[in-house]
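S.K.: File work-v7.pdb below, PDB, C-alpha atoms:
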MODEL        1
ATOM      1  CA  MET A   1       0.000   0.000   0.000
ATOM      2  CA  GLY A   2       1.476   3.324  -1.095
ATOM      3  CA  GLU A   3       1.882   6.475   0.961
ATOM      4  CA  ARG A   4      -1.230   8.642   1.120
ATOM      5  CA  SER A   5      -1.182  11.802  -0.997
ATOM      6  CA  PHE A   6      -2.606  15.080   0.319
ATOM      7  CA  ALA A   7      -2.422  16.916  -3.015
ATOM      8  CA  GLU A   8      -6.205  17.259  -3.331
ATOM      9  CA  ASP A   9      -6.525  18.502   0.259
ATOM     10  CA  VAL A  10      -3.787  21.087  -0.309
ATOM     11  CA  LYS A  11      -5.608  22.278  -3.430
ATOM     12  CA  GLN A  12      -8.814  22.752  -1.457
ATOM     13  CA  LEU A  13      -7.024  24.845   1.167
ATOM     14  CA  GLY A  14      -6.537  27.466  -1.540
ATOM     15  CA  TYR A  15     -10.263  27.717  -2.320
ATOM     16  CA  GLY A  16     -11.755  31.211  -2.300
ATOM     17  CA  GLU A  17     -15.089  32.832  -1.563
ATOM     18  CA  GLY A  18     -18.095  30.635  -2.307
ATOM     19  CA  GLN A  19     -16.217  27.502  -3.380
ATOM     20  CA  THR A  20     -17.189  24.183  -1.802
ATOM     21  CA  LEU A  21     -14.686  22.105   0.143
ATOM     22  CA  ARG A  22     -15.347  18.364   0.322
ATOM     23  CA  GLY A  23     -13.453  16.273   2.826
ATOM     24  CA  GLU A  24     -13.003  15.272   6.441
ATOM     25  CA  GLY A  25     -13.773  17.376   9.485
ATOM     26  CA  ILE A  26     -10.120  17.990  10.268
ATOM     27  CA  LEU A  27      -9.652  19.484   6.778
ATOM     28  CA  ALA A  28     -12.453  21.983   7.481
ATOM     29  CA  ILE A  29     -10.644  23.016  10.670
ATOM     30  CA  THR A  30      -7.414  23.462   8.711
ATOM     31  CA  LYS A  31      -9.151  25.663   6.126
ATOM     32  CA  ALA A  32     -10.816  27.698   8.900
ATOM     33  CA  LEU A  33      -7.388  28.505  10.352
ATOM     34  CA  LEU A  34      -6.397  30.139   7.053
ATOM     35  CA  GLN A  35      -9.720  31.985   6.903
ATOM     36  CA  SER A  36      -9.026  33.377  10.376
ATOM     37  CA  GLY A  37      -5.693  34.964   9.448
ATOM     38  CA  VAL A  38      -3.233  32.855  11.446
ATOM     39  CA  SER A  39       0.409  33.947  11.519
ATOM     40  CA  TYR A  40       1.843  30.621  12.702
ATOM     41  CA  VAL A  41       0.806  26.979  13.055
ATOM     42  CA  GLY A  42       2.605  24.225  14.941
ATOM     43  CA  GLY A  43       1.971  20.963  16.697
ATOM     44  CA  TYR A  44       3.012  17.459  17.600
ATOM     45  CA  PRO A  45       1.424  14.617  15.592
ATOM     46  CA  GLY A  46      -0.865  12.018  17.111
ATOM     47  CA  ALA A  47      -4.315  10.601  16.425
ATOM     48  CA  PRO A  48      -6.702  12.096  15.596
ATOM     49  CA  ILE A  49      -5.123  15.425  14.567
ATOM     50  CA  SER A  50      -2.171  14.133  12.517
ATOM     51  CA  HIS A  51      -4.043  14.907   9.286
ATOM     52  CA  LEU A  52      -3.971  18.647  10.065
ATOM     53  CA  LEU A  53      -0.185  18.663  10.371
ATOM     54  CA  ASP A  54       0.293  16.392   7.342
ATOM     55  CA  VAL A  55      -1.735  18.706   5.103
ATOM     56  CA  MET A  56      -0.046  21.824   6.462
ATOM     57  CA  ALA A  57       3.386  20.288   5.862
ATOM     58  CA  ASP A  58       2.524  19.521   2.238
ATOM     59  CA  ALA A  59       1.065  23.022   1.770
ATOM     60  CA  ASN A  60       3.999  24.815   3.386
ATOM     61  CA  GLU A  61       6.003  25.631   0.251
ATOM     62  CA  SER A  62       3.118  26.260  -2.128
ATOM     63  CA  LEU A  63       0.618  28.054   0.110
ATOM     64  CA  LEU A  64       1.745  28.932   3.649
ATOM     65  CA  ARG A  65       5.102  30.595   2.950
ATOM     66  CA  PRO A  66       3.766  32.813   0.127
ATOM     67  CA  MET A  67       1.072  33.981   2.558
ATOM     68  CA  GLY A  68       3.646  34.701   5.271
ATOM     69  CA  ILE A  69       2.499  31.906   7.626
ATOM     70  CA  TYR A  70       5.117  30.148   9.748
ATOM     71  CA  PHE A  71       4.707  26.369  10.077
ATOM     72  CA  GLU A  72       6.548  24.146  12.505
ATOM     73  CA  LEU A  73       6.355  20.404  13.163
ATOM     74  CA  SER A  74       7.262  20.625  16.859
ATOM     75  CA  GLY A  75       9.473  18.164  18.686
ATOM     76  CA  SER A  76       6.977  17.810  21.548
ATOM     77  CA  GLU A  77       3.686  19.165  22.827
ATOM     78  CA  ALA A  78       5.622  21.474  25.161
ATOM     79  CA  ALA A  79       7.520  22.969  22.210
ATOM     80  CA  ALA A  80       4.230  23.501  20.384
ATOM     81  CA  ALA A  81       2.678  25.268  23.392
ATOM     82  CA  ALA A  82       5.736  27.515  23.643
ATOM     83  CA  LEU A  83       4.915  28.852  20.148
ATOM     84  CA  LEU A  84       1.888  30.590  21.648
ATOM     85  CA  GLY A  85       4.301  32.933  23.402
ATOM     86  CA  ALA A  86       4.478  34.880  20.130
ATOM     87  CA  SER A  87       0.926  36.092  20.764
ATOM     88  CA  ILE A  88       1.650  37.435  24.253
ATOM     89  CA  ASN A  89       3.147  40.743  23.085
ATOM     90  CA  TYR A  90       1.921  40.996  19.493
ATOM     91  CA  PRO A  91      -1.602  40.917  17.984
ATOM     92  CA  MET A  92      -0.803  37.919  15.782
ATOM     93  CA  ARG A  93      -3.095  34.903  15.637
ATOM     94  CA  GLY A  94      -1.673  31.422  16.017
ATOM     95  CA  ALA A  95      -2.778  27.822  16.387
ATOM     96  CA  VAL A  96      -1.148  24.706  17.791
ATOM     97  CA  THR A  97      -2.388  21.143  17.985
ATOM     98  CA  TRP A  98      -1.698  17.868  19.753
ATOM     99  CA  LYS A  99      -3.359  14.716  21.012
ATOM    100  CA  SER A 100      -5.042  14.913  24.379
ATOM    101  CA  VAL A 101      -5.055  14.318  27.251
ATOM    102  CA  VAL A 102      -1.528  12.952  27.470
ATOM    103  CA  GLY A 103      -0.302  15.718  25.148
ATOM    104  CA  THR A 104      -1.871  18.375  27.353
ATOM    105  CA  ASN A 105      -0.022  16.973  30.351
ATOM    106  CA  VAL A 106       3.287  17.276  28.482
ATOM    107  CA  ALA A 107       2.435  20.854  27.440
ATOM    108  CA  SER A 108       1.150  21.933  30.864
ATOM    109  CA  ASP A 109       4.269  23.882  31.908
ATOM    110  CA  PRO A 110       4.517  26.368  28.977
ATOM    111  CA  LEU A 111       0.726  26.364  28.639
ATOM    112  CA  SER A 112       0.301  27.560  32.226
ATOM    113  CA  HIS A 113       2.786  30.379  31.619
ATOM    114  CA  VAL A 114       0.967  31.514  28.461
ATOM    115  CA  ALA A 115      -2.412  31.386  30.224
ATOM    116  CA  SER A 116      -1.072  33.350  33.201
ATOM    117  CA  ALA A 117       0.580  36.030  31.061
ATOM    118  CA  GLY A 118      -2.397  36.368  28.737
ATOM    119  CA  VAL A 119      -2.358  36.890  24.969
ATOM    120  CA  ARG A 120      -3.017  39.852  22.683
ATOM    121  CA  GLY A 121      -3.466  37.863  19.491
ATOM    122  CA  GLY A 122      -6.006  35.062  19.219
ATOM    123  CA  SER A 123      -4.503  31.705  20.229
ATOM    124  CA  LEU A 124      -6.252  28.417  19.466
ATOM    125  CA  ILE A 125      -5.260  24.967  20.714
ATOM    126  CA  VAL A 126      -6.842  22.180  18.638
ATOM    127  CA  ILE A 127      -7.137  19.204  20.962
ATOM    128  CA  GLY A 128      -7.733  15.752  19.495
ATOM    129  CA  GLU A 129      -9.735  13.964  22.185
ATOM    130  CA  ASP A 130      -8.974  10.251  22.218
ATOM    131  CA  TYR A 131     -10.784   8.739  25.172
ATOM    132  CA  GLY A 132     -12.999   5.701  25.538
ATOM    133  CA  GLU A 133     -13.475   2.732  23.261
ATOM    134  CA  GLY A 134     -12.925   4.663  20.028
ATOM    135  CA  ALA A 135      -9.133   4.398  20.002
ATOM    136  CA  SER A 136      -7.480   4.054  23.397
ATOM    137  CA  ILE A 137      -8.017   3.033  27.002
ATOM    138  CA  LEU A 138      -7.584   6.562  28.369
ATOM    139  CA  GLN A 139     -10.618   7.866  30.239
ATOM    140  CA  GLU A 140      -9.319  11.378  30.924
ATOM    141  CA  ARG A 141     -10.583  14.488  29.139
ATOM    142  CA  THR A 142      -9.339  18.046  28.659
ATOM    143  CA  HIS A 143     -12.074  19.709  30.721
ATOM    144  CA  SER A 144     -10.193  19.489  34.020
ATOM    145  CA  ALA A 145      -7.009  20.919  32.469
ATOM    146  CA  ALA A 146      -9.001  23.823  31.011
ATOM    147  CA  LEU A 147     -10.630  24.478  34.382
ATOM    148  CA  LYS A 148      -7.289  24.378  36.197
ATOM    149  CA  SER A 149      -5.703  26.992  33.910
ATOM    150  CA  SER A 150      -8.898  29.069  33.375
ATOM    151  CA  ILE A 151      -8.775  28.384  29.637
ATOM    152  CA  PRO A 152     -12.082  28.436  27.690
ATOM    153  CA  LEU A 153     -12.956  25.167  25.923
ATOM    154  CA  LEU A 154     -15.088  24.898  22.771
ATOM    155  CA  ASP A 155     -16.841  21.638  21.917
ATOM    156  CA  PRO A 156     -18.735  22.153  18.616
ATOM    157  CA  ARG A 157     -21.418  19.932  17.133
ATOM    158  CA  ASN A 158     -20.356  17.444  14.483
ATOM    159  CA  SER A 159     -20.604  19.280  11.171
ATOM    160  CA  LEU A 160     -17.951  20.876   8.992
ATOM    161  CA  THR A 161     -19.788  24.213   9.050
ATOM    162  CA  SER A 162     -19.804  24.228  12.862
ATOM    163  CA  PHE A 163     -16.134  23.321  12.993
ATOM    164  CA  ALA A 164     -15.188  26.259  10.762
ATOM    165  CA  ARG A 165     -17.478  28.676  12.584
ATOM    166  CA  PHE A 166     -16.152  27.766  16.032
ATOM    167  CA  VAL A 167     -12.542  28.007  14.887
ATOM    168  CA  GLU A 168     -13.105  31.571  13.691
ATOM    169  CA  GLU A 169     -15.139  32.538  16.751
ATOM    170  CA  GLY A 170     -12.562  30.860  18.985
ATOM    171  CA  PHE A 171      -9.966  33.388  17.868
ATOM    172  CA  GLY A 172     -12.387  36.210  18.670
ATOM    173  CA  LEU A 173     -13.062  34.723  22.107
ATOM    174  CA  SER A 174      -9.334  34.437  22.775
ATOM    175  CA  GLU A 175      -8.778  38.086  21.916
ATOM    176  CA  ALA A 176     -11.776  39.169  24.000
ATOM    177  CA  CYS A 177     -10.669  37.370  27.178
ATOM    178  CA  ASN A 178      -6.884  37.530  26.521
ATOM    179  CA  GLU A 179      -6.505  33.792  27.011
ATOM    180  CA  PRO A 180      -5.729  30.870  24.698
ATOM    181  CA  VAL A 181      -8.764  28.739  23.829
ATOM    182  CA  PHE A 182      -9.071  24.961  23.628
ATOM    183  CA  PHE A 183     -10.899  23.583  20.581
ATOM    184  CA  SER A 184     -11.909  19.993  21.329
ATOM    185  CA  ILE A 185     -12.664  17.499  18.586
ATOM    186  CA  ARG A 186     -13.221  13.758  18.925
ATOM    187  CA  ILE A 187     -11.647  11.081  16.787
ATOM    188  CA  ARG A 188     -14.784  10.145  14.838
ATOM    189  CA  ALA A 189     -15.626  13.804  14.169
ATOM    190  CA  CYS A 190     -12.144  14.329  12.737
ATOM    191  CA  HIS A 191     -12.769  11.701  10.059
ATOM    192  CA  MET A 192     -16.425  12.343   9.266
ATOM    193  CA  ARG A 193     -16.958  13.663   5.744
ATOM    194  CA  GLY A 194     -19.065  16.570   4.541
ATOM    195  CA  THR A 195     -19.008  19.872   2.692
ATOM    196  CA  LEU A 196     -18.034  23.408   3.663
ATOM    197  CA  ARG A 197     -18.764  26.644   1.836
ATOM    198  CA  CYS A 198     -15.417  28.411   1.924
ATOM    199  CA  ARG A 199     -14.493  32.003   2.518
ATOM    200  CA  ARG A 200     -11.402  33.865   1.334
ATOM    201  CA  SER A 201      -8.205  33.117   3.257
ATOM    202  CA  ARG A 202      -6.944  36.108   5.238
ATOM    203  CA  MET A 203      -3.374  37.338   5.239
ATOM    204  CA  PRO A 204      -1.736  37.189   8.676
ATOM    205  CA  TRP A 205      -0.972  40.272  10.764
ATOM    206  CA  LYS A 206       2.448  41.785  10.322
ATOM    207  CA  PRO A 207       3.975  45.196  11.207
ATOM    208  CA  ARG A 208       4.113  47.703   8.412
ATOM    209  CA  SER A 209       7.379  47.589   6.524
ATOM    210  CA  SER A 210      10.051  50.233   6.963
ATOM    211  CA  PRO A 211      13.328  50.948   5.151
ATOM    212  CA  SER A 212      16.174  48.773   6.366
ATOM    213  CA  GLY A 213      17.866  50.280   9.394
ATOM    214  CA  CYS A 214      15.225  52.975   9.964
ATOM    215  CA  ARG A 215      13.878  54.050  13.309
ATOM    216  CA  PRO A 216      10.265  55.089  14.018
ATOM    217  CA  PRO A 217       9.455  58.724  13.168
ATOM    218  CA  VAL A 218      10.559  61.301  15.731
ATOM    219  CA  ALA A 219       8.848  64.471  16.839
ATOM    220  CA  THR A 220       9.985  67.708  15.167
ATOM    221  CA  SER A 221       9.204  71.321  15.768
ATOM    222  CA  SER A 222       6.871  71.268  12.769
ATOM    223  CA  SER A 223       4.664  68.677  14.467
ATOM    224  CA  ILE A 224       3.696  71.148  17.216
ATOM    225  CA  GLY A 225       1.173  73.781  16.261
ATOM    226  CA  SER A 226      -2.461  74.702  15.888
ATOM    227  CA  THR A 227      -5.081  72.190  14.826
ATOM    228  CA  SER A 228      -5.896  74.191  11.712
ATOM    229  CA  THR A 229      -2.555  73.261  10.153
ATOM    230  CA  GLY A 230      -2.243  69.857  11.782
ATOM    231  CA  ARG A 231      -2.598  67.908   8.549
ATOM    232  CA  ALA A 232       0.199  69.786   6.772
ATOM    233  CA  ARG A 233       2.458  69.543   9.783
ATOM    234  CA  SER A 234       1.747  65.817  10.046
ATOM    235  CA  ARG A 235       3.065  65.370   6.529
ATOM    236  CA  SER A 236       6.136  67.434   7.399
ATOM    237  CA  SER A 237       6.806  65.288  10.441
ATOM    238  CA  ALA A 238       6.525  62.089   8.424
ATOM    239  CA  SER A 239       8.847  63.289   5.671
ATOM    240  CA  SER A 240      11.496  64.253   8.221
ATOM    241  CA  CYS A 241      11.890  60.678   9.479
ATOM    242  CA  LYS A 242      15.430  59.574   8.772
ATOM    243  CA  ALA A 243      17.323  56.313   8.513
ATOM    244  CA  ASP A 244      20.613  55.755  10.279
ATOM    245  CA  CYS A 245      22.386  57.001   7.154
ATOM    246  CA  GLY A 246      20.519  60.319   7.348
ATOM    247  CA  THR A 247      18.418  59.766   4.209
ATOM    248  CA  PRO A 248      14.810  61.080   4.497
ATOM    249  CA  TRP A 249      12.039  58.523   4.122
ATOM    250  CA  SER A 250      10.721  58.808   0.598
ATOM    251  CA  VAL A 251       7.153  57.729   1.401
ATOM    252  CA  PRO A 252       5.349  59.802   4.086
ATOM    253  CA  SER A 253       3.109  56.879   5.147
ATOM    254  CA  THR A 254       6.018  54.470   5.673
ATOM    255  CA  CYS A 255       6.615  53.536   9.313
ATOM    256  CA  TRP A 256       6.906  50.527  11.564
ATOM    257  CA  GLY A 257       3.176  50.483  12.222
ATOM    258  CA  TRP A 258       1.210  49.765  15.363
ATOM    259  CA  PRO A 259       2.194  48.799  18.029
ATOM    260  CA  THR A 260       5.877  49.779  17.623
ATOM    261  CA  CYS A 261       5.428  53.175  15.979
ATOM    262  CA  THR A 262       5.470  55.918  18.633
ATOM    263  CA  ALA A 263       4.628  58.724  16.217
ATOM    264  CA  ALA A 264       1.410  57.415  14.670
ATOM    265  CA  PRO A 265      -0.733  60.303  16.034
ATOM    266  CA  ARG A 266       1.666  62.814  14.470
ATOM    267  CA  CYS A 267       2.609  61.352  11.096
ATOM    268  CA  ARG A 268      -0.828  59.843  10.369
ATOM    269  CA  CYS A 269       0.702  56.471   9.522
TER     270      CYS A 269
ENDMDL
END
Here is a file; write its structure as structure tokens.
M.R.:
Amino acid sequence: MGERSFAEDVKQLGYGEGQTLRGEGILAITKALLQSGVSYVGGYPGAPISHLLDVMADANESLLRPMGIYFELSGSEAAAAALLGASINYPMRGAVTWKSVVGTNVASDPLSHVASAGVRGGSLIVIGEDYGEGASILQERTHSAALKSSIPLLDPRNSLTSFARFVEEGFGLSEACNEPVFFSIRIRACHMRGTLRCRRSRMPWKPRSSPSGCRPPVATSSSIGSTSTGRARSRSSASSCKADCGTPWSVPSTCWGWPTCTAAPRCRC
């Protein structure tokens, strides 16, 4: 028996507005991550979420990198949880995945630190529940771990549309409460088949580009004055921004962007 190909699944990840995705539940979750504007994806493989990582790995060169999405096949669940630290200080969305509940135990140390510090960007943890007679003898679930760390847990109904909706709303919930969010999915739901009406994939958040070696705009005497000439003076302030070599910035709107730019109110960037 030959190795399974994910070429068709990778093709469907690139679907745009109104196109219909046909596949397993875990593929709908993977597509929903791209529709939510994730900046990074990582995880440690294990049933039933291995398919997500397999498809992402195959799509890395053709789809993820051109979009500016970082993908990592982590060495452990703890390493995957540590990726969420990128969302503590920056408003970038990210997702990690592993098998539960054993994987959650391995990730508990960095996960507790992320939950205690809080996040600015939406952070989703896709948990592949694997308890009971379906696949293993484990009888533990993720609910107690979520309660211990005060992490919200989403448990959607079994349909591809619900999976995609709860992934996207999970990021919003994470940003509203400043905590990572568990997304729980069972082994049979991962492999159920159905259809999903796709939306356009969103580009991930990134700071606005600036010339190499430049610093954020600085205040000048022209930026202080009456409100009647504020717009003109804002342009003057922006054009006076200089690189280390002393060359003025050629584009007035060019700056490092929120949250690193300290002159946004003055140079209207």
S.K.: From the list A:Leu13, A:Ala189, A:Val119, A:Leu111, which residue is nearest Gln35 in chain A when using only C-alpha atoms?
M.R.: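 Comparing A:Leu13, A:Ala189, A:Val119, A:Leu111 against Gln35 in chain A, the winner is A:Leu13.
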S.K.: Hey, what comes out of the PyMOL selection byres ((chain A and resi 36) around 12) on this file? Could you write it as a ChimeraX atom specification?
M.R.: /A:29-35,37-40,69,92-95,121-124,164-172,198-205
S.K.: For the selection just defined, write its residues with C-alpha atoms to a file, as a PDB file, in the frame of the given file.
M.R.:
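The file below, result-v1.pdb, is the result:
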ATOM      1  CA  ILE A  29     -10.644  23.016  10.670  1.00  0.00           C
ATOM      2  CA  THR A  30      -7.414  23.462   8.711  1.00  0.00           C
ATOM      3  CA  LYS A  31      -9.151  25.663   6.126  1.00  0.00           C
ATOM      4  CA  ALA A  32     -10.816  27.698   8.900  1.00  0.00           C
ATOM      5  CA  LEU A  33      -7.388  28.505  10.352  1.00  0.00           C
ATOM      6  CA  LEU A  34      -6.397  30.139   7.053  1.00  0.00           C
ATOM      7  CA  GLN A  35      -9.720  31.985   6.903  1.00  0.00           C
ATOM      8  CA  GLY A  37      -5.693  34.964   9.448  1.00  0.00           C
ATOM      9  CA  VAL A  38      -3.233  32.855  11.446  1.00  0.00           C
ATOM     10  CA  SER A  39       0.409  33.947  11.519  1.00  0.00           C
ATOM     11  CA  TYR A  40       1.843  30.621  12.702  1.00  0.00           C
ATOM     12  CA  ILE A  69       2.499  31.906   7.626  1.00  0.00           C
ATOM     13  CA  MET A  92      -0.803  37.919  15.782  1.00  0.00           C
ATOM     14  CA  ARG A  93      -3.095  34.903  15.637  1.00  0.00           C
ATOM     15  CA  GLY A  94      -1.673  31.422  16.017  1.00  0.00           C
ATOM     16  CA  ALA A  95      -2.778  27.822  16.387  1.00  0.00           C
ATOM     17  CA  GLY A 121      -3.466  37.863  19.491  1.00  0.00           C
ATOM     18  CA  GLY A 122      -6.006  35.062  19.219  1.00  0.00           C
ATOM     19  CA  SER A 123      -4.503  31.705  20.229  1.00  0.00           C
ATOM     20  CA  LEU A 124      -6.252  28.417  19.466  1.00  0.00           C
ATOM     21  CA  ALA A 164     -15.188  26.259  10.762  1.00  0.00           C
ATOM     22  CA  ARG A 165     -17.478  28.676  12.584  1.00  0.00           C
ATOM     23  CA  PHE A 166     -16.152  27.766  16.032  1.00  0.00           C
ATOM     24  CA  VAL A 167     -12.542  28.007  14.887  1.00  0.00           C
ATOM     25  CA  GLU A 168     -13.105  31.571  13.691  1.00  0.00           C
ATOM     26  CA  GLU A 169     -15.139  32.538  16.751  1.00  0.00           C
ATOM     27  CA  GLY A 170     -12.562  30.860  18.985  1.00  0.00           C
ATOM     28  CA  PHE A 171      -9.966  33.388  17.868  1.00  0.00           C
ATOM     29  CA  GLY A 172     -12.387  36.210  18.670  1.00  0.00           C
ATOM     30  CA  CYS A 198     -15.417  28.411   1.924  1.00  0.00           C
ATOM     31  CA  ARG A 199     -14.493  32.003   2.518  1.00  0.00           C
ATOM     32  CA  ARG A 200     -11.402  33.865   1.334  1.00  0.00           C
ATOM     33  CA  SER A 201      -8.205  33.117   3.257  1.00  0.00           C
ATOM     34  CA  ARG A 202      -6.944  36.108   5.238  1.00  0.00           C
ATOM     35  CA  MET A 203      -3.374  37.338   5.239  1.00  0.00           C
ATOM     36  CA  PRO A 204      -1.736  37.189   8.676  1.00  0.00           C
ATOM     37  CA  TRP A 205      -0.972  40.272  10.764  1.00  0.00           C
TER      38      TRP A 205
END
S.K.: Counting all atoms listed in the file, which of A:Val55, A:Arg197, A:Val114, A:Lys99 gets nearest to Ala7 in chain A?
M.R.: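 So, comparing all the options, the nearest one is A:Val55.
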S.K.: Quick one: pull the distance between CA of Arg22 in chain A and CA of Cys190 in chain A, Å, one decimal.
M.R.: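 CA of Cys190 in chain A lies at a distance of 13.4 Å from CA of Arg22 in chain A.
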S.K.: Nearest to Arg120 in chain A: which of A:Ala86, A:Ala146, A:Leu27, A:Ala59 is it, counting only C-alpha atoms?
M.R.: A:Ala86
S.K.: Which residues, written as a PyMOL selection string, have at least one atom at most 12 Å from Ser149 in chain A, with only C-alpha atoms counted and residues fewer than 4 positions away on the same chain left out?
M.R.: chain A and resi 104+108-118+142-145+153+179-182
S.K.: I'd like to know which of A:Pro48, A:Gly14, A:Gly75, A:Gly85 is closest to Ile185 in chain A, using all atoms listed in the file.
M.R.: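 The shortest atom-to-atom distance to Ile185 in chain A comes from A:Pro48.
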S.K.: Within 10 Å of Ala79 in chain A, counting all atoms listed in the file, which residues show up once you throw out same-chain ones fewer than 2 positions away? Write them as a PyMOL selection string, please.
M.R.: chain A and resi 42-44+72-77+81-84+96+106-107+110-111
S.K.: May I ask for the distance between CA of Arg186 in chain A and CA of Leu52 in chain A, given in Å to one decimal place?
M.R.: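 Here the two named atoms are 13.7 Å from each other.
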S.K.: Just to confirm, what's the straight-line distance from CA of Leu160 in chain A to CA of Ile26 in chain A in Å (one decimal)?
M.R.: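 Computing the Euclidean distance for CA of Leu160 in chain A and CA of Ile26 in chain A yields 8.4 Å.
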S.K.: Nearest to Gly128 in chain A: which of A:Phe163, A:Tyr90, A:Phe71, A:Phe183 is it, counting all atoms listed in the file?
M.R.: A:Phe183
S.K.: Go through A:Val102, A:Ala80, A:Leu63, A:Ala47 and flag the residue nearest Ile125 in chain A, using only C-alpha atoms for the distances.
M.R.: A:Ala80
